[in-house]
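Peer 1: This is protein-v7.txt (compact mmCIF, C-alpha atoms and all ligand atoms).
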# COMPACT_ATOMS: atom_id res chain seq x y z
CA MET A 12 11.40 24.23 19.32
CA ARG A 13 7.75 24.99 18.97
CA LEU A 14 5.06 23.09 20.81
CA ILE A 15 3.81 21.40 17.66
CA ASN A 16 7.26 19.98 17.08
CA VAL A 17 7.46 18.62 20.60
CA VAL A 18 4.08 16.95 20.18
CA GLY A 19 5.14 15.54 16.83
CA LEU A 20 8.33 14.17 18.34
CA LEU A 21 6.48 12.54 21.22
CA VAL A 22 3.89 10.93 18.95
CA GLY A 23 6.63 9.73 16.63
CA VAL A 24 8.62 8.17 19.45
CA TYR A 25 5.44 6.61 20.83
CA LEU A 26 4.73 4.96 17.46
CA LEU A 27 8.27 3.63 17.24
CA VAL A 28 7.99 2.20 20.75
CA GLN A 29 4.70 0.59 19.75
CA SER A 30 6.25 -1.17 16.77
CA TYR A 31 9.15 -2.29 18.93
CA ARG A 32 6.65 -3.76 21.38
CA LEU A 33 4.90 -5.60 18.56
CA VAL A 34 8.17 -7.31 17.84
CA ARG A 35 8.86 -7.99 21.52
CA ARG A 36 5.45 -9.56 22.04
CA ARG A 37 5.73 -11.44 18.74
CA GLU A 38 2.40 -10.18 17.56
CA GLU A 39 2.55 -11.13 13.94
CA ASP A 40 1.13 -7.92 12.58
CA THR A 41 3.38 -6.87 9.73
CA LEU A 42 0.98 -4.22 8.45
CA SER A 43 0.96 -2.35 11.76
CA PHE A 44 4.68 -2.73 12.11
CA LEU A 45 5.37 -1.17 8.72
CA THR A 46 2.84 1.63 9.19
CA TRP A 47 3.89 2.61 12.70
CA THR A 48 7.56 2.47 11.92
CA GLY A 49 7.10 4.51 8.75
CA VAL A 50 4.88 7.19 10.26
CA GLY A 51 6.97 7.27 13.46
CA LEU A 52 10.20 7.87 11.58
CA ALA A 53 8.56 10.55 9.44
CA LEU A 54 7.17 12.37 12.49
CA VAL A 55 10.46 12.27 14.35
CA GLY A 56 12.27 13.54 11.28
CA VAL A 57 9.82 16.35 10.64
CA SER A 58 9.82 17.42 14.30
CA LEU A 59 13.58 17.50 14.60
CA PHE A 60 14.08 19.29 11.30
CA PRO A 61 11.06 21.52 10.80
CA ASN A 62 12.87 23.41 8.07
CA ALA A 63 13.10 20.29 6.01
CA ALA A 64 9.36 19.88 6.38
CA ASP A 65 8.79 23.48 5.32
CA TYR A 66 10.93 22.90 2.34
CA VAL A 67 8.99 19.80 1.32
CA MET A 68 5.68 21.58 1.89
CA ARG A 69 6.77 24.49 -0.25
CA ALA A 70 7.98 22.17 -2.95
CA LEU A 71 4.56 20.51 -2.89
CA GLY A 72 2.84 23.92 -3.06
CA MET A 73 1.26 23.64 0.37
CA GLU A 74 2.34 26.87 1.96
CA MET A 75 -1.28 28.04 2.07
CA ARG A 76 -3.47 27.22 5.02
CA ALA A 77 -6.37 26.00 2.96
CA TYR A 78 -4.25 23.17 1.65
CA THR A 79 -3.39 22.11 5.14
CA ILE A 80 -7.02 21.19 5.69
CA PHE A 81 -6.95 18.91 2.67
CA THR A 82 -3.73 17.40 3.89
CA LEU A 83 -5.28 16.68 7.25
CA GLY A 84 -8.31 15.17 5.52
CA ILE A 85 -6.10 12.84 3.58
CA LEU A 86 -4.19 11.87 6.70
CA ILE A 87 -7.42 11.02 8.47
CA ALA A 88 -8.52 8.98 5.47
CA TYR A 89 -5.25 7.08 5.74
CA VAL A 90 -5.89 6.30 9.37
CA LEU A 91 -9.35 5.01 8.51
CA LEU A 92 -8.01 2.89 5.68
CA PHE A 93 -5.38 1.45 7.97
CA ARG A 94 -7.97 0.48 10.55
CA LEU A 95 -10.22 -1.05 7.92
CA PHE A 96 -7.35 -3.01 6.48
CA ARG A 97 -6.49 -4.39 9.85
CA ALA A 98 -10.07 -5.30 10.59
CA VAL A 99 -10.30 -7.16 7.28
CA ILE A 100 -7.06 -9.03 7.93
CA ARG A 101 -8.26 -10.07 11.38
CA LEU A 102 -11.63 -11.24 10.03
CA ASP A 103 -9.89 -13.15 7.29
CA GLN A 104 -7.71 -14.95 9.82
CA ALA A 105 -10.73 -15.69 11.99
CA ILE A 106 -12.59 -17.23 9.05
CA SER A 107 -9.61 -19.38 8.26
CA THR A 108 -9.40 -20.62 11.83
CA LEU A 109 -13.10 -21.43 11.92
CA ASN A 110 -12.85 -23.18 8.58
CA GLU A 111 -10.04 -25.37 9.90
CA GLU A 112 -11.89 -26.10 13.12
CA ILE A 113 -15.14 -27.06 11.35
CA SER A 114 -13.44 -29.34 8.86
CA LEU A 115 -11.67 -31.25 11.64
CA LEU A 116 -14.88 -31.56 13.64
CA LYS A 117 -16.73 -32.84 10.60
CA ALA A 118 -14.04 -35.42 9.95
CA GLN A 119 -14.16 -36.48 13.60
CA ARG A 120 -17.93 -36.87 13.43
CA GLU A 121 -17.64 -39.03 10.32
CA ARG A 122 -15.07 -41.23 12.05
CA ASP A 123 -17.29 -41.62 15.10
CA ARG A 124 -20.22 -42.61 12.92
CA GLY A 125 -18.12 -45.06 10.95
CA ALA A 126 -16.78 -46.57 14.17
CA SER A 127 -20.19 -47.02 15.73
CA ARG A 128 -21.91 -48.50 12.70
CA PRO A 129 -20.35 -52.00 12.31
CA THR A 130 -20.71 -52.97 15.97
CA GLY A 131 -24.17 -51.52 16.20
CA ALA A 132 -23.32 -50.32 19.68
CA GLY A 133 -23.84 -46.70 18.81
CA ALA A 134 -27.18 -47.31 17.08
CA GLY A 135 -29.12 -45.98 20.02
CA ASP A 136 -27.17 -42.73 19.98
CA GLU A 137 -28.22 -41.92 16.46
CA PRO A 138 -30.87 -39.24 16.31
CA MET B 28 22.46 -60.89 20.47
CA SER B 29 19.85 -59.69 22.86
CA PRO B 30 16.55 -58.84 21.19
CA SER B 31 16.34 -55.34 22.63
CA PRO B 32 12.81 -54.03 22.80
CA GLY B 33 13.24 -51.56 19.92
CA PRO B 34 11.58 -48.16 19.88
CA LYS B 35 7.91 -48.24 19.04
CA ALA B 36 7.15 -48.33 15.34
CA THR B 37 7.21 -45.00 13.53
CA ARG B 38 3.75 -43.92 12.50
CA VAL B 39 3.66 -42.29 9.08
CA VAL B 40 0.82 -40.34 7.50
CA ALA B 41 0.51 -38.90 3.99
CA LEU B 42 -1.17 -35.53 3.55
CA ILE B 43 -2.57 -34.58 0.16
CA PRO B 44 -3.95 -31.06 -0.32
CA ALA B 45 -6.48 -31.10 -3.16
CA HIS B 46 -8.69 -28.61 -4.88
CA ASN B 47 -10.78 -29.82 -7.83
CA GLU B 48 -8.53 -32.76 -8.68
CA GLU B 49 -11.15 -35.44 -9.39
CA ALA B 50 -9.26 -36.48 -12.52
CA THR B 51 -6.09 -37.47 -10.68
CA VAL B 52 -6.72 -37.88 -6.96
CA PHE B 53 -7.88 -41.52 -7.17
CA GLU B 54 -4.66 -42.73 -8.75
CA VAL B 55 -2.52 -40.63 -6.42
CA VAL B 56 -4.23 -41.94 -3.29
CA ARG B 57 -4.01 -45.54 -4.50
CA ALA B 58 -0.34 -45.25 -5.34
CA VAL B 59 0.52 -43.51 -2.06
CA ARG B 60 -1.39 -46.12 -0.05
CA GLN B 61 0.87 -48.84 -1.39
CA ARG B 62 3.64 -47.21 0.62
CA ILE B 63 1.80 -45.39 3.40
CA PRO B 64 -1.47 -46.95 4.56
CA GLU B 65 -2.74 -43.79 6.27
CA VAL B 66 -3.61 -41.22 3.64
CA VAL B 67 -5.43 -37.98 4.41
CA VAL B 68 -6.79 -35.80 1.62
CA ILE B 69 -7.55 -32.23 2.61
CA ASP B 70 -10.23 -31.20 0.16
CA ASP B 71 -10.21 -27.43 0.05
CA ALA B 72 -13.88 -26.86 -0.80
CA SER B 73 -13.70 -28.52 -4.20
CA SER B 74 -16.70 -28.03 -6.44
CA ASP B 75 -16.12 -31.34 -8.23
CA ARG B 76 -16.12 -34.92 -6.90
CA THR B 77 -12.63 -34.79 -5.37
CA ALA B 78 -13.84 -35.75 -1.88
CA GLN B 79 -15.94 -38.75 -2.99
CA VAL B 80 -13.25 -40.02 -5.33
CA ALA B 81 -10.59 -39.73 -2.62
CA ARG B 82 -12.80 -41.65 -0.19
CA GLU B 83 -13.41 -44.38 -2.76
CA ALA B 84 -9.66 -44.71 -3.11
CA GLY B 85 -9.39 -45.29 0.64
CA ALA B 86 -8.30 -41.92 1.99
CA VAL B 87 -9.55 -40.14 5.08
CA VAL B 88 -11.04 -36.93 3.73
CA ILE B 89 -11.13 -33.64 5.60
CA SER B 90 -13.27 -31.12 3.74
CA HIS B 91 -12.95 -27.38 4.17
CA ALA B 92 -16.20 -25.47 3.97
CA ILE B 93 -14.51 -22.50 2.30
CA ASN B 94 -11.61 -22.50 -0.15
CA ARG B 95 -8.62 -20.97 1.60
CA GLY B 96 -5.59 -22.16 -0.35
CA VAL B 97 -2.88 -24.78 -0.08
CA GLY B 98 -1.26 -23.34 3.05
CA ALA B 99 -4.57 -23.45 4.90
CA ALA B 100 -5.14 -27.03 3.78
CA LEU B 101 -1.70 -28.03 4.99
CA ARG B 102 -2.31 -26.34 8.33
CA THR B 103 -5.43 -28.43 8.80
CA GLY B 104 -3.51 -31.53 7.77
CA TYR B 105 -0.60 -30.87 10.15
CA ARG B 106 -3.00 -30.35 13.01
CA TYR B 107 -4.73 -33.62 12.26
CA ALA B 108 -1.42 -35.44 12.08
CA LEU B 109 -0.02 -33.91 15.28
CA GLU B 110 -3.21 -34.38 17.27
CA ARG B 111 -3.28 -38.04 16.31
CA GLY B 112 0.31 -38.63 17.28
CA PHE B 113 1.91 -39.43 13.94
CA ASP B 114 5.71 -39.26 13.96
CA VAL B 115 6.36 -38.63 10.29
CA ILE B 116 4.41 -36.64 7.72
CA VAL B 117 4.74 -36.96 3.97
CA GLN B 118 3.17 -34.26 1.87
CA ILE B 119 2.36 -34.79 -1.78
CA ASP B 120 0.25 -33.02 -4.42
CA ALA B 121 -3.03 -34.41 -5.73
CA ASP B 122 -2.46 -33.45 -9.36
CA GLY B 123 -0.13 -36.34 -10.21
CA GLN B 124 3.02 -34.25 -10.55
CA HIS B 125 4.65 -35.93 -7.58
CA ASP B 126 5.45 -39.57 -8.20
CA PRO B 127 4.90 -41.62 -5.01
CA ARG B 128 7.82 -43.87 -5.90
CA TYR B 129 10.11 -41.30 -4.26
CA ILE B 130 8.47 -41.75 -0.85
CA PRO B 131 11.02 -44.32 0.37
CA GLN B 132 13.85 -41.92 -0.43
CA LEU B 133 12.14 -39.10 1.46
CA LEU B 134 11.66 -41.34 4.48
CA GLU B 135 15.20 -42.59 4.30
CA ALA B 136 16.56 -39.05 4.43
CA LEU B 137 14.47 -38.41 7.55
CA SER B 138 15.90 -41.50 9.20
CA GLU B 139 19.41 -40.22 8.39
CA GLY B 140 18.66 -37.45 10.87
CA TYR B 141 17.08 -34.71 8.77
CA ASP B 142 13.94 -32.91 9.95
CA LEU B 143 12.63 -31.70 6.61
CA VAL B 144 13.22 -33.29 3.21
CA ILE B 145 12.29 -31.52 -0.03
CA GLY B 146 11.88 -33.13 -3.44
CA SER B 147 13.62 -30.91 -5.98
CA ARG B 148 12.99 -30.76 -9.73
CA PHE B 149 16.19 -28.73 -10.14
CA LEU B 150 18.46 -31.65 -9.26
CA ASN B 151 17.50 -33.30 -12.55
CA GLU B 152 16.41 -32.17 -15.98
CA SER B 153 12.68 -31.99 -15.28
CA TYR B 154 12.72 -28.31 -14.36
CA ARG B 155 13.28 -27.55 -18.03
CA SER B 156 9.66 -28.20 -18.91
CA TYR B 157 8.54 -25.20 -16.81
CA SER B 158 8.14 -21.78 -18.34
CA TRP B 159 11.04 -19.39 -17.93
CA VAL B 160 8.90 -17.09 -15.79
CA ARG B 161 8.17 -19.91 -13.34
CA ARG B 162 11.81 -20.92 -13.32
CA ALA B 163 13.01 -17.38 -12.78
CA GLY B 164 10.51 -16.98 -9.93
CA ILE B 165 11.53 -20.23 -8.25
CA ARG B 166 15.21 -19.38 -8.68
CA PHE B 167 14.76 -15.94 -7.16
CA PHE B 168 12.79 -17.09 -4.11
CA THR B 169 15.16 -20.01 -3.60
CA TRP B 170 18.08 -17.60 -3.67
CA LEU B 171 16.32 -15.37 -1.15
CA GLY B 172 15.63 -18.31 1.16
CA ASN B 173 19.20 -19.51 0.85
CA ARG B 174 20.57 -16.06 1.67
CA LEU B 175 18.32 -15.41 4.65
CA GLY B 176 18.24 -18.96 5.94
CA GLY B 177 21.83 -19.96 5.32
CA LEU B 178 20.69 -22.84 3.12
CA ARG B 179 21.90 -24.36 -0.12
CA ILE B 180 18.76 -25.72 -1.69
CA THR B 181 17.50 -25.53 -5.27
CA ASP B 182 13.68 -25.72 -5.18
CA ILE B 183 12.15 -23.80 -2.29
CA THR B 184 8.63 -23.82 -3.76
CA SER B 185 8.35 -27.60 -4.08
CA GLY B 186 5.37 -29.05 -2.23
CA TYR B 187 6.72 -32.61 -2.20
CA ARG B 188 8.11 -32.84 1.31
CA ALA B 189 8.52 -35.03 4.36
CA TYR B 190 8.76 -33.90 7.98
CA LYS B 191 9.41 -35.23 11.41
CA ALA B 192 6.38 -34.33 13.50
CA LYS B 193 8.66 -33.08 16.27
CA ALA B 194 10.20 -30.60 13.86
CA LEU B 195 6.84 -29.36 12.60
CA GLN B 196 5.84 -28.57 16.17
CA HIS B 197 8.53 -25.90 16.26
CA LEU B 198 7.03 -24.00 13.36
CA GLY B 199 4.32 -21.34 13.56
CA PRO B 200 1.09 -21.58 11.57
CA LEU B 201 1.38 -21.37 7.79
CA PRO B 202 -0.20 -18.54 5.81
CA ASP B 203 -3.24 -19.54 3.74
CA ARG B 204 -1.46 -19.13 0.44
CA HIS B 205 2.18 -19.03 -0.63
CA TRP B 206 3.31 -21.16 2.25
CA ALA B 207 6.52 -22.74 0.94
CA VAL B 208 9.02 -19.91 1.29
CA GLU B 209 7.76 -19.06 4.76
CA GLN B 210 7.91 -22.63 6.01
CA THR B 211 11.37 -23.28 4.62
CA LEU B 212 12.82 -20.03 5.90
CA GLU B 213 11.38 -20.48 9.36
CA ALA B 214 12.63 -24.06 9.51
CA ALA B 215 16.09 -22.95 8.44
CA ARG B 216 16.30 -20.10 10.92
CA LYS B 217 15.16 -22.34 13.73
CA GLY B 218 17.99 -24.69 12.99
CA LEU B 219 16.05 -27.63 11.59
CA ARG B 220 18.10 -29.92 9.37
CA ILE B 221 16.96 -29.67 5.77
CA LYS B 222 17.85 -31.91 2.86
CA GLU B 223 16.87 -32.08 -0.78
CA ILE B 224 16.55 -35.15 -2.96
CA SER B 225 16.19 -35.24 -6.72
CA VAL B 226 12.60 -35.75 -7.87
CA GLU B 227 11.39 -35.71 -11.47
CA MET B 228 8.43 -33.36 -11.62
CA PRO B 229 6.73 -33.18 -15.01
CA LEU B 230 4.22 -30.43 -15.81
CA ARG B 231 0.67 -31.08 -14.71
CA GLN B 232 -1.36 -32.99 -17.32
CA LYS B 233 -4.89 -32.61 -15.96
CA GLY B 234 -6.91 -30.23 -13.85
CA ARG B 235 -6.26 -26.55 -13.25
CA SER B 236 -3.20 -24.95 -11.80
CA GLN B 237 -3.40 -22.76 -8.71
CA PHE B 238 -1.22 -20.36 -10.68
CA ASP B 239 -3.14 -17.61 -12.36
CA LEU B 240 -2.36 -13.96 -12.89
CA SER B 241 -3.38 -12.92 -9.40
CA THR B 242 -1.33 -15.65 -7.71
CA PHE B 243 1.56 -14.50 -9.77
CA LEU B 244 1.20 -10.82 -8.92
CA TRP B 245 0.63 -11.48 -5.23
CA TYR B 246 3.56 -13.81 -4.84
CA PRO B 247 6.27 -11.18 -4.25
CA ILE B 248 4.08 -9.23 -1.81
CA ARG B 249 3.11 -12.30 0.16
CA VAL B 250 6.69 -13.49 0.26
CA ALA B 251 7.84 -10.08 1.49
CA ASP B 252 5.23 -10.31 4.23
CA SER B 253 6.42 -13.82 5.09
CA VAL B 254 10.04 -12.80 5.26
CA LEU B 255 9.25 -9.87 7.52
CA ARG B 256 7.15 -12.08 9.77
CA ILE B 257 9.83 -14.72 10.10
CA LEU B 258 12.67 -12.28 10.66
CA LEU B 259 10.81 -10.09 13.13
CA PHE B 260 8.33 -12.25 14.92
CA ARG B 261 9.43 -15.86 14.79
CA ARG B 262 12.89 -15.89 16.20
N1 LIG C 301 -6.17 -27.01 -0.48
C1 LIG C 301 -5.99 -26.44 -1.64
N2 LIG C 301 -5.25 -27.08 -2.45
C2 LIG C 301 -5.05 -26.50 -3.60
C3 LIG C 301 -5.59 -25.27 -3.99
N3 LIG C 301 -5.14 -25.00 -5.20
C4 LIG C 301 -4.37 -26.05 -5.51
N4 LIG C 301 -4.34 -26.96 -4.56
C5 LIG C 301 -3.65 -28.25 -4.47
O1 LIG C 301 -2.31 -28.02 -4.11
C6 LIG C 301 -1.45 -28.81 -4.88
C7 LIG C 301 -0.54 -27.91 -5.65
O2 LIG C 301 -1.29 -27.04 -6.47
P1 LIG C 301 -0.91 -26.83 -7.99
O3 LIG C 301 -1.95 -26.02 -8.64
O4 LIG C 301 -0.61 -28.14 -8.59
O5 LIG C 301 0.40 -25.96 -7.85
P2 LIG C 301 1.76 -26.21 -8.58
O6 LIG C 301 2.07 -27.67 -8.63
O7 LIG C 301 2.73 -25.34 -7.91
O8 LIG C 301 1.47 -25.66 -10.03
P3 LIG C 301 1.36 -26.51 -11.40
O9 LIG C 301 2.76 -26.82 -11.81
O10 LIG C 301 0.69 -25.60 -12.36
O11 LIG C 301 0.57 -27.73 -11.13
C8 LIG C 301 -2.37 -29.70 -5.74
O12 LIG C 301 -2.52 -30.93 -5.06
C9 LIG C 301 -3.66 -28.95 -5.77
O13 LIG C 301 -4.79 -29.79 -5.85
C10 LIG C 301 -6.41 -24.61 -3.08
O14 LIG C 301 -6.95 -23.54 -3.30
N5 LIG C 301 -6.56 -25.25 -1.91
MG MG C 302 0.89 -29.05 -9.44
What would you get if you wrote out this structure as structure tokens?

Peer 2:
Amino acid sequence: MRLINVVGLLVGVYLLVQSYRLVRRREEDTLSFLTWTGVGLALVGVSLFPNAADYVMRALGMEMRAYTIFTLGILIAYVLLFRLFRAVIRLDQAISTLNEEISLLKAQRERDRGASRPTGAGAGDEP
Amino acid sequence: MSPSPGPKATRVVALIPAHNEEATVFEVVRAVRQRIPEVVVIDDASSDRTAQVAREAGAVVISHAINRGVGAALRTGYRYALERGFDVIVQIDADGQHDPRYIPQLLEALSEGYDLVIGSRFLNESYRSYSWVRRAGIRFFTWLGNRLGGLRITDITSGYRAYKAKALQHLGPLPDRHWAVEQTLEAARKGLRIKEISVEMPLRQKGRSQFDLSTFLWYPIRVADSVLRILLFRR
């Protein structure tokens, strides 16, 4: 086994452990789960059976080194996309939470105003 | 007979998610209030007069600043209901498709011991007025929910529902959109008791449907996401 395969195997196993931990900790991140599991399985497979990878590479016409650079570029782009996606999902959830919070606060404020008006007790509190 | 000091009265609240339903929300709120005095309309950033009209009809109105979808509106509503200590929650659409005359039946099923009651248009002939695409979609997702949740229901996407507050507390937060499959599946897998009653549900007459092409295309993806979330993360 060559060093690159060992590294690939380790990274693959690490990713699989990460997705298992997501499930254990009940972090509801389905995008990460799918990505990590998918990439992890692929890495483990490729590292254990390098010949299979060679075969796929050849079939794709990537036996030349120059193509490897493009492949790496695309992989990096994928990583970036993944991170962006996750950031957007998190922001989206945050907006939703804030939206909920604000609407409830507004409703509470209206109730307080309504409650203080008829008795006149709260009149002094009004700005 | 000894007049035993019975349990304290059950407090019921009606939640009505609404987005641009000024044409129908007044009538709906009025009709619901004849059966449930406490009515809360969650106005999901309507651009028409939905909020004012609902208030005139006597509802408490909670207005979202940004439109986030029915699931988000329901989440806000559940939180309101739970924080204020209501025991029972009835959920009904603002577009007039859900006739409030079924409310007593929903409540009765809860008092029989069920945690979640769903009004189904497939237990009568009214489902026939829906397009075959809608029907096929509902059938498929209902089948999926039944398989994964060990249920035998007929209308998993129906938004006409009643809950015990205690049961709702066991469920995680709803997604902003496409909430019904997720909620039902989670409830089923957590062992809540679910019942359906027959409810006639005609097509909507006024206003605009939340269903457009993008809702339609996203539905399978969102449901897949929901299923994965429930199976993996909400055991
Ligand atoms: N909070 C919120 N409510 C919405 C939104 N879109 C629709 N609604 C409300 O949710 C309920 C159900 O939406 P509908 O569009 O009637 O969905 P539907 O009944 O499945 O579809 P139709 O048969 O076409 O009416 C109605 O009371 C709507 O006013 C939205 O973006 N946010
Ligand atoms: Mg409707």

Peer 1: I'd like the neighbourhood of segment 140-153 of chain B as a list in words, where a residue qualifies if any of its atoms comes within 8 Å (using all atoms listed in the file), though same-chain residues fewer than 6 positions away should be ignored.

Peer 2: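 Counting only the stated atoms, we get Leu133, Thr181, Asp182, Ser185, Gly186, Tyr187, Arg188, Ala189, Tyr190, Lys191, Ala194, Leu219, Arg220, Ile221, Lys222, Glu223, Ile224, Ser225, Val226, Glu227, Met228 and Pro229 of chain B.
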
Peer 1: Got a sec to check which residues lie within 10 Å of ligand MG 302 (chain C), using all atoms listed in the file, and send them as a PDB file with C-alpha atoms, in the coordinates of the input?

Peer 2:
ATOM      1  CA  ALA B  45      -6.480 -31.100  -3.160  1.00  0.00           C
ATOM      2  CA  ILE B 119       2.360 -34.790  -1.780  1.00  0.00           C
ATOM      3  CA  ASP B 120       0.250 -33.020  -4.420  1.00  0.00           C
ATOM      4  CA  ALA B 121      -3.030 -34.410  -5.730  1.00  0.00           C
ATOM      5  CA  ASP B 122      -2.460 -33.450  -9.360  1.00  0.00           C
ATOM      6  CA  GLY B 123      -0.130 -36.340 -10.210  1.00  0.00           C
ATOM      7  CA  GLN B 124       3.020 -34.250 -10.550  1.00  0.00           C
ATOM      8  CA  HIS B 125       4.650 -35.930  -7.580  1.00  0.00           C
ATOM      9  CA  SER B 185       8.350 -27.600  -4.080  1.00  0.00           C
ATOM     10  CA  GLY B 186       5.370 -29.050  -2.230  1.00  0.00           C
ATOM     11  CA  TYR B 187       6.720 -32.610  -2.200  1.00  0.00           C
ATOM     12  CA  MET B 228       8.430 -33.360 -11.620  1.00  0.00           C
ATOM     13  CA  PRO B 229       6.730 -33.180 -15.010  1.00  0.00           C
ATOM     14  CA  LEU B 230       4.220 -30.430 -15.810  1.00  0.00           C
ATOM     15  CA  ARG B 231       0.670 -31.080 -14.710  1.00  0.00           C
ATOM     16  CA  GLN B 232      -1.360 -32.990 -17.320  1.00  0.00           C
ATOM     17  CA  LYS B 233      -4.890 -32.610 -15.960  1.00  0.00           C
ATOM     18  CA  GLY B 234      -6.910 -30.230 -13.850  1.00  0.00           C
ATOM     19  CA  ARG B 235      -6.260 -26.550 -13.250  1.00  0.00           C
ATOM     20  CA  SER B 236      -3.200 -24.950 -11.800  1.00  0.00           C
ATOM     21  CA  GLN B 237      -3.400 -22.760  -8.710  1.00  0.00           C
ATOM     22  CA  PHE B 238      -1.220 -20.360 -10.680  1.00  0.00           C
TER      23      PHE B 238
END

Peer 1: Pull the closest atom pair for each residue of segment 24-66 of chain A that gets at most 10 Å from segment 87-94 of chain A, along with the distance in Å to one decimal, counting all atoms listed in the file, ordering rows by chain and then ascending residue number, as CSV.

Peer 2:
residue,atom,partner,partner_atom,distance
A:Leu42,CA,A:Phe93,CA,8.5
A:Ser43,CA,A:Phe93,CA,8.3
A:Thr46,CA,A:Phe93,CA,8.3

Peer 1: Enter the distance from atom CA of Ala108 of chain B to atom C7 of ligand LIG 301 (chain C), in Å, rounded to one decimal.

Peer 2: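 Value for the atom CA of Ala108 of chain B-atom C7 of ligand LIG 301 (chain C) distance: 19.3 Å.
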
Peer 1: Specify as a ChimeraX atom specification all residues of chain A found within 6 Å of chain B, counting only C-alpha atoms.

Peer 2: /A:34,37,39,111,114,118

Peer 1: Provide the atom CA of Gly176 of chain B to atom CA of Ala215 of chain B distance in Å, to one decimal place.

Peer 2: 5.2 Å

Peer 1: Within 12 Å of Ala53 of chain A, counting only C-alpha atoms, which residues show up once you throw out same-chain ones fewer than 5 positions away? Write them as a list in words, please.

Peer 2: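 My reading of the contact set: Gly19, Leu20, Val22, Gly23, Val24, Leu26, Leu27, Thr46, Trp47, Thr48, Ser58, Leu59, Phe60, Pro61, Ala63 and Ala64 of chain A.
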
Peer 1: Provide the atom N3 of ligand LIG 301 (chain C) to atom CA of Val97 of chain B distance in Å, to one decimal place.

Peer 2: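 That distance, rounded to one decimal, is 5.6 Å.
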
Peer 1: Would you compute, for all listed atoms of ligand LIG 301 (chain C), the axis-aligned bounding box grown by 4 Å on each side, and then report its centre and edge lengths in Å rounded to one decimal, as JSON?

Peer 2:
{"center_x": -2.1, "center_y": -27.2, "center_z": -6.4, "size_x": 17.7, "size_y": 15.4, "size_z": 19.9}

Peer 1: Would you fill the gaps in segment 44-56 of chain A so it has N, CA and C atoms, then print it as a tab-separated table (two decimals), in the coordinates of the input?

Peer 2:
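Contents of part_20.tsv, as written:
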chain	number	residue	atom	x	y	z
A	44	PHE	N	3.27	-3.00	11.91
A	44	PHE	CA	4.68	-2.73	12.11
A	44	PHE	C	5.19	-1.74	11.07
A	45	LEU	N	4.88	-2.04	9.80
A	45	LEU	CA	5.37	-1.17	8.72
A	45	LEU	C	4.80	0.23	8.85
A	46	THR	N	3.49	0.32	9.13
A	46	THR	CA	2.84	1.63	9.19
A	46	THR	C	3.40	2.45	10.34
A	47	TRP	N	3.44	1.86	11.52
A	47	TRP	CA	3.89	2.61	12.70
A	47	TRP	C	5.34	3.04	12.58
A	48	THR	N	6.16	2.12	12.08
A	48	THR	CA	7.56	2.47	11.92
A	48	THR	C	7.71	3.61	10.91
A	49	GLY	N	7.00	3.49	9.80
A	49	GLY	CA	7.10	4.51	8.75
A	49	GLY	C	6.63	5.87	9.25
A	50	VAL	N	5.44	5.92	9.80
A	50	VAL	CA	4.88	7.19	10.26
A	50	VAL	C	5.72	7.73	11.41
A	51	GLY	N	6.15	6.86	12.31
A	51	GLY	CA	6.97	7.27	13.46
A	51	GLY	C	8.26	7.94	13.01
A	52	LEU	N	8.95	7.30	12.08
A	52	LEU	CA	10.20	7.87	11.58
A	52	LEU	C	9.95	9.22	10.93
A	53	ALA	N	8.87	9.29	10.14
A	53	ALA	CA	8.56	10.55	9.44
A	53	ALA	C	8.29	11.66	10.45
A	54	LEU	N	7.50	11.35	11.49
A	54	LEU	CA	7.17	12.37	12.49
A	54	LEU	C	8.41	12.84	13.24
A	55	VAL	N	9.24	11.90	13.63
A	55	VAL	CA	10.46	12.27	14.35
A	55	VAL	C	11.32	13.15	13.47
A	56	GLY	N	11.46	12.75	12.21
A	56	GLY	CA	12.27	13.54	11.28
A	56	GLY	C	11.74	14.94	11.12
